[in-house]
>>> print(open('query35.txt').read())   # compact mmCIF, C-alpha atoms
# COMPACT_ATOMS: atom_id res chain seq x y z
CA MET A 1 65.01 62.05 98.96
CA ASN A 2 67.50 61.79 101.83
CA VAL A 3 71.03 63.16 101.71
CA GLN A 4 72.63 59.85 100.75
CA GLU A 5 70.22 59.36 97.85
CA TYR A 6 70.70 62.97 96.74
CA MET A 7 74.49 62.66 96.72
CA GLN A 8 74.37 59.35 94.83
CA GLN A 9 72.23 61.02 92.19
CA VAL A 10 74.54 64.04 92.03
CA GLY A 11 77.56 61.75 91.73
CA LYS A 12 76.08 59.68 88.89
CA THR A 13 75.15 62.85 87.03
CA ALA A 14 78.64 64.27 87.50
CA ARG A 15 80.31 61.11 86.20
CA LYS A 16 78.12 61.20 83.09
CA ALA A 17 78.82 64.92 82.57
CA SER A 18 82.58 64.37 83.01
CA ARG A 19 82.66 62.30 79.83
CA VAL A 20 81.01 65.13 77.89
CA ILE A 21 83.37 67.86 79.07
CA ALA A 22 86.44 65.62 78.68
CA SER A 23 85.73 65.43 74.95
CA ALA A 24 84.82 69.11 74.48
CA ASN A 25 87.24 71.13 72.37
CA SER A 26 89.03 74.28 73.47
CA GLU A 27 86.75 76.60 71.53
CA GLN A 28 83.64 75.22 73.20
CA LYS A 29 85.16 75.44 76.69
CA ASN A 30 86.36 78.98 76.09
CA ARG A 31 82.97 79.99 74.76
CA ALA A 32 81.39 78.70 77.96
CA LEU A 33 83.89 80.59 80.13
CA HIS A 34 83.18 83.89 78.35
CA ALA A 35 79.43 83.27 78.53
CA ILE A 36 79.68 82.65 82.29
CA ALA A 37 81.73 85.83 82.73
CA ASP A 38 79.13 87.80 80.77
CA ALA A 39 76.32 86.37 82.89
CA ILE A 40 78.15 87.27 86.13
CA LEU A 41 78.51 90.91 85.03
CA ARG A 42 74.95 91.01 83.74
CA GLU A 43 73.59 89.63 87.02
CA LYS A 44 75.69 91.94 89.23
CA THR A 45 72.68 93.34 91.10
CA ALA A 46 71.30 89.87 91.82
CA LEU A 47 74.70 88.70 93.06
CA LEU A 48 75.11 91.68 95.40
CA THR A 49 71.58 91.20 96.73
CA ALA A 50 72.19 87.51 97.43
CA ASN A 51 75.51 88.31 99.09
CA GLU A 52 73.95 90.96 101.30
CA GLN A 53 71.41 88.38 102.44
CA ASP A 54 74.27 86.08 103.49
CA LEU A 55 76.11 88.95 105.21
CA ALA A 56 72.99 90.00 107.11
CA GLU A 57 72.50 86.46 108.38
CA GLY A 58 76.18 86.25 109.28
CA ARG A 59 76.06 89.46 111.33
CA LYS A 60 72.88 88.26 113.02
CA ASN A 61 74.60 85.00 113.97
CA GLY A 62 77.67 86.80 115.37
CA MET A 63 80.09 85.87 112.58
CA GLU A 64 83.66 87.01 113.23
CA ALA A 65 85.08 89.96 111.30
CA ALA A 66 87.62 87.83 109.43
CA MET A 67 84.89 85.47 108.20
CA LEU A 68 82.65 88.38 107.19
CA ASP A 69 85.56 89.81 105.20
CA ARG A 70 85.98 86.53 103.31
CA LEU A 71 82.24 86.33 102.72
CA THR A 72 81.89 89.84 101.31
CA LEU A 73 81.36 90.17 97.57
CA ASP A 74 81.51 93.74 96.23
CA GLU A 75 81.40 95.20 92.72
CA LYS A 76 85.18 94.93 92.37
CA GLY A 77 85.01 91.30 93.41
CA ILE A 78 82.37 90.59 90.78
CA VAL A 79 84.50 92.23 88.08
CA ASN A 80 87.50 90.18 89.28
CA MET A 81 85.47 86.97 89.08
CA ALA A 82 84.57 87.69 85.47
CA GLU A 83 88.14 88.72 84.65
CA GLY A 84 89.47 85.53 86.23
CA LEU A 85 87.22 83.46 83.97
CA ARG A 86 88.40 85.37 80.89
CA GLN A 87 92.01 84.83 81.92
CA ILE A 88 91.35 81.11 82.20
CA ALA A 89 89.84 81.16 78.70
CA ALA A 90 92.99 82.87 77.40
CA LEU A 91 95.29 80.21 78.85
CA PRO A 92 96.52 77.34 76.68
CA ASP A 93 94.34 74.25 76.98
CA PRO A 94 96.46 71.53 78.61
CA VAL A 95 94.12 68.67 77.68
CA GLY A 96 95.52 66.46 74.93
CA GLU A 97 99.02 67.93 75.14
CA ILE A 98 101.60 65.26 74.24
CA SER A 99 105.13 65.41 75.65
CA GLU A 100 108.31 63.40 76.13
CA MET A 101 107.87 61.41 72.91
CA ALA A 102 110.80 59.06 72.31
CA TYR A 103 111.56 55.87 70.40
CA ARG A 104 112.40 52.67 72.24
CA PRO A 105 114.78 49.98 70.90
CA SER A 106 111.72 47.88 69.97
CA GLY A 107 110.62 50.58 67.55
CA ILE A 108 107.60 51.73 69.55
CA GLN A 109 107.24 55.43 70.22
CA LEU A 110 106.44 56.32 73.84
CA GLY A 111 105.17 59.53 75.38
CA LYS A 112 102.67 61.15 77.75
CA MET A 113 99.29 62.77 77.09
CA ARG A 114 97.69 65.24 79.51
CA VAL A 115 94.12 64.28 80.46
CA PRO A 116 91.40 65.54 82.85
CA LEU A 117 91.17 64.07 86.34
CA GLY A 118 87.44 63.36 85.87
CA VAL A 119 85.12 64.56 88.66
CA ILE A 120 86.50 67.00 91.22
CA GLY A 121 84.67 67.63 94.48
CA ILE A 122 85.43 70.97 96.12
CA ILE A 123 84.43 71.76 99.70
CA TYR A 124 84.94 75.33 100.83
CA GLU A 125 83.88 77.96 103.34
CA ALA A 126 82.82 81.58 103.12
CA ARG A 127 84.41 82.86 99.90
CA PRO A 128 81.73 82.98 97.17
CA ASN A 129 84.30 83.82 94.47
CA VAL A 130 85.60 80.26 94.87
CA THR A 131 82.42 79.06 93.16
CA ALA A 132 83.29 80.85 89.93
CA ASP A 133 87.06 80.27 90.15
CA ALA A 134 86.71 76.54 90.80
CA ALA A 135 84.05 76.03 88.15
CA GLY A 136 86.12 77.90 85.54
CA LEU A 137 89.37 76.05 86.21
CA CYS A 138 87.76 72.62 86.31
CA LEU A 139 85.82 73.38 83.13
CA LYS A 140 88.92 74.48 81.18
CA ALA A 141 90.81 71.40 82.41
CA GLY A 142 88.00 69.17 81.15
CA ASN A 143 86.59 68.09 84.52
CA ALA A 144 83.09 67.91 85.94
CA THR A 145 82.73 69.60 89.32
CA LEU A 146 80.76 69.14 92.53
CA LEU A 147 80.85 72.32 94.62
CA ARG A 148 79.84 72.33 98.27
CA GLY A 149 80.16 75.85 99.67
CA GLY A 150 79.61 76.79 103.28
CA SER A 151 76.07 77.38 104.47
CA GLU A 152 77.07 80.97 105.36
CA ALA A 153 77.44 81.73 101.60
CA PHE A 154 74.47 79.68 100.39
CA HIS A 155 72.54 82.46 98.64
CA SER A 156 75.67 83.92 97.01
CA ASN A 157 76.77 80.53 95.73
CA GLN A 158 73.36 79.67 94.29
CA ALA A 159 73.23 83.03 92.49
CA ILE A 160 76.67 82.39 90.97
CA ALA A 161 75.61 78.84 90.06
CA HIS A 162 72.71 80.30 88.07
CA CYS A 163 75.21 82.33 86.01
CA ILE A 164 77.42 79.28 85.48
CA HIS A 165 74.55 77.14 84.24
CA GLU A 166 73.38 79.89 81.91
CA GLY A 167 76.85 80.15 80.39
CA LEU A 168 77.16 76.39 79.93
CA ARG A 169 73.81 76.19 78.17
CA LEU A 170 74.72 79.06 75.85
CA ALA A 171 77.88 77.15 74.90
CA GLY A 172 75.92 73.99 74.17
CA LEU A 173 77.21 72.10 77.19
CA PRO A 174 75.14 70.37 79.90
CA ALA A 175 74.60 72.38 83.06
CA ASP A 176 75.42 69.26 85.11
CA ILE A 177 79.12 69.76 84.32
CA VAL A 178 79.11 72.13 87.32
CA GLN A 179 76.81 71.23 90.20
CA VAL A 180 76.58 73.47 93.25
CA LEU A 181 74.96 71.40 95.99
CA THR A 182 71.55 72.68 97.00
CA THR A 183 71.67 71.17 100.49
CA THR A 184 73.36 72.69 103.53
CA ASP A 185 73.22 69.39 105.42
CA ARG A 186 76.74 68.59 106.64
CA ALA A 187 76.12 64.93 105.94
CA ALA A 188 76.52 65.78 102.25
CA VAL A 189 80.24 66.37 102.83
CA GLY A 190 80.65 62.92 104.37
CA GLU A 191 78.92 61.38 101.39
CA MET A 192 80.96 63.32 98.81
CA ILE A 193 84.31 62.27 100.25
CA SER A 194 83.18 58.63 100.37
CA MET A 195 82.21 58.16 96.70
CA PRO A 196 85.35 57.05 94.83
CA GLN A 197 83.12 55.50 92.18
CA TYR A 198 81.91 59.00 91.24
CA VAL A 199 84.52 61.47 92.58
CA ASP A 200 88.19 61.31 91.57
CA VAL A 201 89.70 64.10 93.70
CA ILE A 202 88.59 66.18 96.68
CA VAL A 203 89.85 69.73 97.22
CA PRO A 204 88.99 71.21 100.65
CA ARG A 205 89.30 74.98 101.01
CA GLY A 206 88.66 76.39 104.45
CA GLY A 207 89.80 76.36 108.03
CA LYS A 208 92.26 73.91 109.50
CA GLY A 209 89.47 71.95 111.19
CA LEU A 210 87.65 71.36 107.90
CA VAL A 211 90.79 70.32 106.03
CA ALA A 212 91.92 68.01 108.85
CA ARG A 213 88.53 66.32 108.91
CA ILE A 214 88.43 65.82 105.15
CA THR A 215 91.99 64.49 105.07
CA HIS A 216 91.24 62.02 107.89
CA GLU A 217 87.89 60.75 106.60
CA ALA A 218 88.15 60.89 102.80
CA LYS A 219 88.15 57.71 100.73
CA VAL A 220 89.06 59.84 97.71
CA PRO A 221 92.50 61.44 97.06
CA VAL A 222 92.78 64.94 98.56
CA ILE A 223 94.68 68.06 97.37
CA LYS A 224 95.04 70.40 100.34
CA HIS A 225 96.94 72.59 102.76
CA LEU A 226 96.14 72.68 106.46
CA ASP A 227 97.14 76.26 107.24
CA GLY A 228 99.23 79.19 106.07
CA ASN A 229 101.81 80.01 108.74
CA CYS A 230 103.93 82.23 106.47
CA HIS A 231 107.21 84.01 107.27
CA VAL A 232 109.24 86.96 106.09
CA TYR A 233 112.93 86.88 107.02
CA ILE A 234 114.78 90.23 106.89
CA ASP A 235 118.49 89.63 106.37
CA ASP A 236 121.17 92.02 107.59
CA THR A 237 121.93 92.85 103.94
CA ALA A 238 118.34 93.91 103.23
CA ASN A 239 117.43 97.25 101.69
CA PRO A 240 115.57 99.03 104.54
CA ASP A 241 112.82 100.46 102.34
CA LYS A 242 112.21 97.13 100.63
CA ALA A 243 112.15 95.37 103.99
CA PHE A 244 109.64 97.85 105.44
CA ASN A 245 107.28 97.81 102.46
CA ILE A 246 107.35 94.04 102.03
CA ALA A 247 106.79 93.28 105.71
CA ILE A 248 103.95 95.80 106.09
CA ASN A 249 102.25 94.55 102.92
CA ALA A 250 102.71 90.87 103.77
CA LYS A 251 100.91 91.37 107.09
CA THR A 252 98.41 94.18 106.61
CA HIS A 253 97.25 93.94 102.98
CA ARG A 254 94.64 91.43 104.17
CA TYR A 255 94.53 89.62 107.48
CA GLY A 256 92.25 86.69 106.71
CA THR A 257 94.20 85.00 103.89
CA CYS A 258 96.45 81.95 103.92
CA ASN A 259 99.36 83.85 102.31
CA THR A 260 99.48 86.57 104.98
CA MET A 261 102.69 86.77 107.01
CA GLU A 262 102.21 85.49 110.57
CA THR A 263 105.83 85.57 111.82
CA LEU A 264 108.53 88.13 111.07
CA LEU A 265 112.15 87.02 111.47
CA VAL A 266 114.88 89.68 111.66
CA HIS A 267 118.66 89.22 111.60
CA ALA A 268 120.17 90.27 114.93
CA ALA A 269 122.62 92.67 113.27
CA PHE A 270 119.73 94.55 111.63
CA ALA A 271 117.09 94.34 114.33
CA GLU A 272 117.82 97.52 116.33
CA PHE A 273 117.85 99.54 113.11
CA ILE A 274 114.69 98.20 111.38
CA LEU A 275 112.38 96.98 114.16
CA PRO A 276 111.39 100.39 115.62
CA ARG A 277 110.37 101.63 112.17
CA LEU A 278 108.46 98.41 111.44
CA ALA A 279 106.75 98.42 114.84
CA ALA A 280 105.53 101.98 114.29
CA GLY A 281 104.11 100.94 110.92
CA PHE A 282 102.34 97.92 112.36
CA TRP A 283 100.96 99.81 115.37
CA GLU A 284 99.67 102.55 113.09
CA LYS A 285 97.57 99.87 111.39
CA GLY A 286 96.40 98.36 114.67
CA VAL A 287 98.52 95.20 114.63
CA GLU A 288 99.25 93.56 117.98
CA LEU A 289 102.89 92.49 118.26
CA ARG A 290 104.18 89.45 120.14
CA GLY A 291 107.94 89.09 120.31
CA CYS A 292 110.88 87.13 121.59
CA GLU A 293 112.93 88.47 124.50
CA ARG A 294 115.31 90.37 122.21
CA THR A 295 112.39 91.95 120.34
CA ARG A 296 110.87 93.15 123.62
CA ILE A 297 114.19 94.64 124.73
CA ILE A 298 114.33 96.67 121.51
CA LEU A 299 110.64 97.66 121.34
CA GLY A 300 109.59 97.69 124.98
CA GLU A 301 106.76 96.20 126.98
CA LYS A 302 104.13 97.27 124.47
CA VAL A 303 105.11 94.03 122.72
CA TRP A 304 103.53 90.94 124.29
CA PRO A 305 105.91 88.03 125.05
CA ALA A 306 105.77 85.31 122.38
CA ASN A 307 105.91 81.58 123.07
CA ASP A 308 105.96 78.36 121.06
CA GLU A 309 102.23 78.60 120.40
CA ASP A 310 102.74 81.96 118.68
CA TRP A 311 105.43 80.54 116.39
CA ALA A 312 103.00 77.79 115.34
CA THR A 313 99.86 79.91 114.93
CA GLU A 314 98.11 81.09 111.79
CA TYR A 315 96.38 84.12 113.32
CA LEU A 316 94.25 85.28 110.35
CA ALA A 317 94.00 88.49 112.38
CA PRO A 318 95.97 91.72 113.09
CA ILE A 319 98.47 89.88 115.29
CA LEU A 320 102.12 89.33 114.38
CA ALA A 321 104.86 87.26 116.03
CA ILE A 322 108.42 88.66 115.78
CA ARG A 323 111.66 86.83 116.46
CA VAL A 324 115.22 88.11 116.25
CA VAL A 325 117.52 85.40 114.87
CA LYS A 326 121.30 85.34 115.00
CA ASP A 327 121.75 84.45 111.31
CA MET A 328 120.12 82.90 108.26
CA ASP A 329 120.77 79.38 109.53
CA GLU A 330 118.53 80.05 112.51
CA ALA A 331 115.90 81.70 110.28
CA ILE A 332 115.72 78.69 107.94
CA GLU A 333 115.62 76.29 110.87
CA HIS A 334 112.75 78.26 112.43
CA ILE A 335 110.76 78.32 109.16
CA ASN A 336 111.18 74.62 108.42
CA HIS A 337 110.31 73.67 112.02
CA TRP A 338 107.39 76.00 112.79
CA GLY A 339 106.05 76.85 109.35
CA SER A 340 103.28 75.14 107.40
CA HIS A 341 105.32 74.81 104.17
CA HIS A 342 103.02 77.29 102.44
CA THR A 343 104.86 80.54 101.55
CA ASP A 344 108.02 82.10 102.96
CA ALA A 345 110.12 85.07 101.84
CA ILE A 346 113.57 86.55 102.36
CA VAL A 347 114.51 90.21 102.00
CA THR A 348 118.19 90.44 101.07
CA GLU A 349 120.58 92.11 98.65
CA GLU A 350 123.04 89.21 98.80
CA TYR A 351 122.66 86.85 95.82
CA GLY A 352 124.23 83.84 97.50
CA ARG A 353 121.91 84.05 100.51
CA ALA A 354 118.89 84.43 98.27
CA ARG A 355 119.89 81.30 96.33
CA ARG A 356 120.47 79.35 99.53
CA PHE A 357 117.11 80.41 100.96
CA LEU A 358 115.38 79.24 97.77
CA HIS A 359 117.07 75.85 97.99
CA GLU A 360 116.75 75.15 101.71
CA VAL A 361 113.32 76.48 102.71
CA ASP A 362 110.90 73.57 102.31
CA SER A 363 107.75 75.43 101.23
CA ALA A 364 105.40 75.38 98.26
CA SER A 365 106.28 78.99 97.39
CA VAL A 366 109.63 80.57 98.32
CA MET A 367 110.21 84.24 97.51
CA VAL A 368 113.06 86.71 97.32
CA ASN A 369 112.34 90.42 97.91
CA ALA A 370 108.57 90.08 97.43
CA SER A 371 105.50 89.99 99.65
CA THR A 372 104.04 86.61 100.57
CA ARG A 373 100.68 87.99 99.39
CA PHE A 374 101.77 87.15 95.81
CA ALA A 375 101.27 83.42 96.52
CA ASP A 376 98.01 83.33 94.64
CA GLY A 377 96.80 81.76 91.41
CA PHE A 378 95.65 85.07 89.95
CA GLU A 379 99.01 86.72 90.68
CA TYR A 380 100.87 83.69 89.31
CA GLY A 381 99.07 84.08 85.98
CA LEU A 382 96.96 80.97 86.42
CA GLY A 383 93.76 82.98 85.87
CA ALA A 384 92.55 81.72 89.23
CA GLU A 385 93.36 78.86 91.55
CA ILE A 386 91.51 75.89 92.93
CA GLY A 387 93.49 76.23 96.15
CA ILE A 388 97.00 75.97 97.56
CA SER A 389 98.65 72.59 97.97
CA THR A 390 101.44 71.94 100.45
CA ASP A 391 101.60 68.30 99.40
CA LYS A 392 104.63 67.06 97.48
CA ILE A 393 102.86 64.66 95.15
CA HIS A 394 100.98 65.71 91.99
CA ALA A 395 100.39 69.42 92.68
CA ARG A 396 102.22 71.92 94.92
CA GLY A 397 101.58 75.63 95.54
CA PRO A 398 98.69 77.40 93.79
CA VAL A 399 96.78 74.74 91.87
CA GLY A 400 95.71 75.88 88.42
CA LEU A 401 94.98 74.06 85.18
CA LEU A 402 97.94 71.68 85.19
CA GLY A 403 97.16 70.65 88.76
CA LEU A 404 93.66 69.64 87.65
CA THR A 405 94.96 67.26 85.01
CA SER A 406 97.00 64.09 85.01
CA GLN A 407 99.07 62.29 82.41
CA LYS A 408 98.72 58.90 80.81
CA TRP A 409 101.30 56.96 78.85
CA ILE A 410 100.68 56.60 75.13
CA VAL A 411 102.39 54.10 72.86
CA LEU A 412 102.56 54.35 69.06
CA GLY A 413 103.55 51.27 67.15
CA ASP A 414 103.53 49.78 63.67
CA GLY A 415 102.86 46.14 64.34
CA GLN A 416 105.59 45.56 66.94
CA ILE A 417 105.25 42.56 69.24
CA ARG A 418 107.29 41.82 72.33
CA GLU A 419 109.89 39.10 71.83
>>> encode(input="query35.txt", output="structure tokens")
Amino acid sequence: MNVQEYMQQVGKTARKASRVIASANSEQKNRALHAIADAILREKTALLTANEQDLAEGRKNGMEAAMLDRLTLDEKGIVNMAEGLRQIAALPDPVGEISEMAYRPSGIQLGKMRVPLGVIGIIYEARPNVTADAAGLCLKAGNATLLRGGSEAFHSNQAIAHCIHEGLRLAGLPADIVQVLTTTDRAAVGEMISMPQYVDVIVPRGGKGLVARITHEAKVPVIKHLDGNCHVYIDDTANPDKAFNIAINAKTHRYGTCNTMETLLVHAAFAEFILPRLAAGFWEKGVELRGCERTRIILGEKVWPANDEDWATEYLAPILAIRVVKDMDEAIEHINHWGSHHTDAIVTEEYGRARRFLHEVDSASVMVNASTRFADGFEYGLGAEIGISTDKIHARGPVGLLGLTSQKWIVLGDGQIRE
């Protein structure tokens, strides 16, 4: 069977399975989620062994440190996967929820019912935990799922898929509700994004190149973000300790994530006071600094000169761009021009400025006095996330259960006809 035939078969199976899971009740879906979580914990040794096989191949092939970090699955990560599934099970089931019911002059009653999207295709790189997170969210939202992980995580993903299928069977649901592709042929991606008769939505999770390709070539609607060029703006009214802790955490907590700060903006009236302390903290953690002319005057030549490319770059590495701005107007202008509309934060003690920042920064997540690293489905209480969306239609920000459903109009009548 060639790749095209394989993907057609997978698509037909997914469409059939989507009708089964769409009609499953909350108890059955929750039972499956708990059974999958139990299987993941029970198979911990097998998962770690499979992951180590992927890591060994990655090191052999010269994989970059940031990619190896995203690929790594440790015992804590396995526990978090299981906990994420249990959190999803504990969330209210959105499917079937009816809202906005109202009577019309004709006597009909009109409202909206929340329904699954159908079949969701997810294409992702490196992170094996995405396999469990995506399967769990799509399952709870009543969708069938096609998962195509990167070849670098093939063994990890197949081991997790085994746990997922075991949990589905124990709950009395068909294993085909979640299908993890067994081919690493890149042609499978092209087929998946070109099957609107079988796939209702595509969610790409990975590097900018992958997302750009999917967005350009897909014949199926796409939920996506291209990159995470996130900012922290330190206002001249900021509490110094808050500013220091938030900025250090936003950059150094993890380097290879889309919610990591890539550019630090500092109010000119506060820069000489806070920048030396921040620079020492960043240098202690091995972060390379690239700054505007004013930043370099304050911190010296140890800071590399920054240019337009730095303001536009998502480093995913221990590199940080710093710009001193004259006021909040310039900070907001910089963020809206150079940012990726992902996540941006302000550190301030002035209520009016915080409110203005929330209103005027055009990003999926906008924060006051908090690290950008909180822009995450788990931290938002979604149980897990399918990804981050910087689109403005349907879903925006971390995409959880509601983002994996749609609404249809429902009309209740008692024999009314239109005159």
>>> residues_around(input="query35.txt", residues="segment 226-236 of chain A", least_positions_apart="6", cutoff="7 Å", atoms="all atoms listed in the file", output="ChimeraX atom specification")
/A:208,211-212,243,247,258-267,269-270,313-314,331,335,339-340,342-348
>>> atom_distance(input="query35.txt", atom1="atom CA of Ala375 of chain A", atom2="atom CA of Ala268 of chain A")
27.3 Å
>>> closest_residue(input="query35.txt", among="A:Asp133, A:Tyr198, A:Ile123, A:Gly58", to="Arg213 of chain A", atoms="all atoms listed in the file")
A:Ile123
>>> closest_residue(input="query35.txt", among="A:Ala50, A:Leu278, A:Ala22, A:Leu181", to="Arg114 of chain A", atoms="all atoms listed in the file")
A:Ala22
>>> closest_residue(input="query35.txt", among="A:Glu166, A:Leu404, A:Val368, A:Arg70", to="Arg356 of chain A", atoms="only C-alpha atoms")
A:Val368
>>> closest_atom_pairs(input="query35.txt", of="segment 185-285 of chain A", to="segment 3-19 of chain A", cutoff="8 Å", atoms="all atoms listed in the file", output="Markdown table")
| residue | atom | partner | partner_atom | distance |
| --- | --- | --- | --- | --- |
| A:Asp185 | CA | A:Val3 | CA | 7.6 |
| A:Ala187 | CA | A:Val3 | CA | 6.9 |
| A:Ala188 | CA | A:Val3 | CA | 6.1 |
| A:Glu191 | CA | A:Gln4 | CA | 6.5 |
| A:Met192 | CA | A:Met7 | CA | 6.8 |
| A:Met195 | CA | A:Gly11 | CA | 7.7 |
| A:Tyr198 | CA | A:Gly11 | CA | 5.2 |
| A:Val199 | CA | A:Gly11 | CA | 7.0 |
>>> closest_residue(input="query35.txt", among="A:Glu301, A:Glu309, A:Glu360, A:Asp176", to="Val119 of chain A", atoms="all atoms listed in the file")
A:Asp176
>>> residues_around(input="query35.txt", residues="Ala35 of chain A", least_positions_apart="3", cutoff="7 Å", atoms="only C-alpha atoms", output="count of residues only")
6
>>> residues_around(input="query35.txt", residues="Glu349 of chain A", least_positions_apart="5", cutoff="9 Å", atoms="all atoms listed in the file", output="list in words")
Asp235, Asp236, Thr237, Ala238, Asn239, Ala354 and Asn369 of chain A
>>> write_last_selection(input="query35.txt", atoms="C-alpha atoms", output="PDB file, keeping the file's coordinate frame")
ATOM      1  CA  ASP A 235     118.490  89.630 106.370  1.00  0.00           C
ATOM      2  CA  ASP A 236     121.170  92.020 107.590  1.00  0.00           C
ATOM      3  CA  THR A 237     121.930  92.850 103.940  1.00  0.00           C
ATOM      4  CA  ALA A 238     118.340  93.910 103.230  1.00  0.00           C
ATOM      5  CA  ASN A 239     117.430  97.250 101.690  1.00  0.00           C
ATOM      6  CA  ALA A 354     118.890  84.430  98.270  1.00  0.00           C
ATOM      7  CA  ASN A 369     112.340  90.420  97.910  1.00  0.00           C
TER       8      ASN A 369
END
>>> atom_distance(input="query35.txt", atom1="atom CA of Ile40 of chain A", atom2="atom CA of Phe154 of chain A")
16.6 Å
>>> closest_residue(input="query35.txt", among="A:Ala90, A:Ile98, A:Ile297, A:Val222", to="Ile393 of chain A", atoms="all atoms listed in the file")
A:Val222
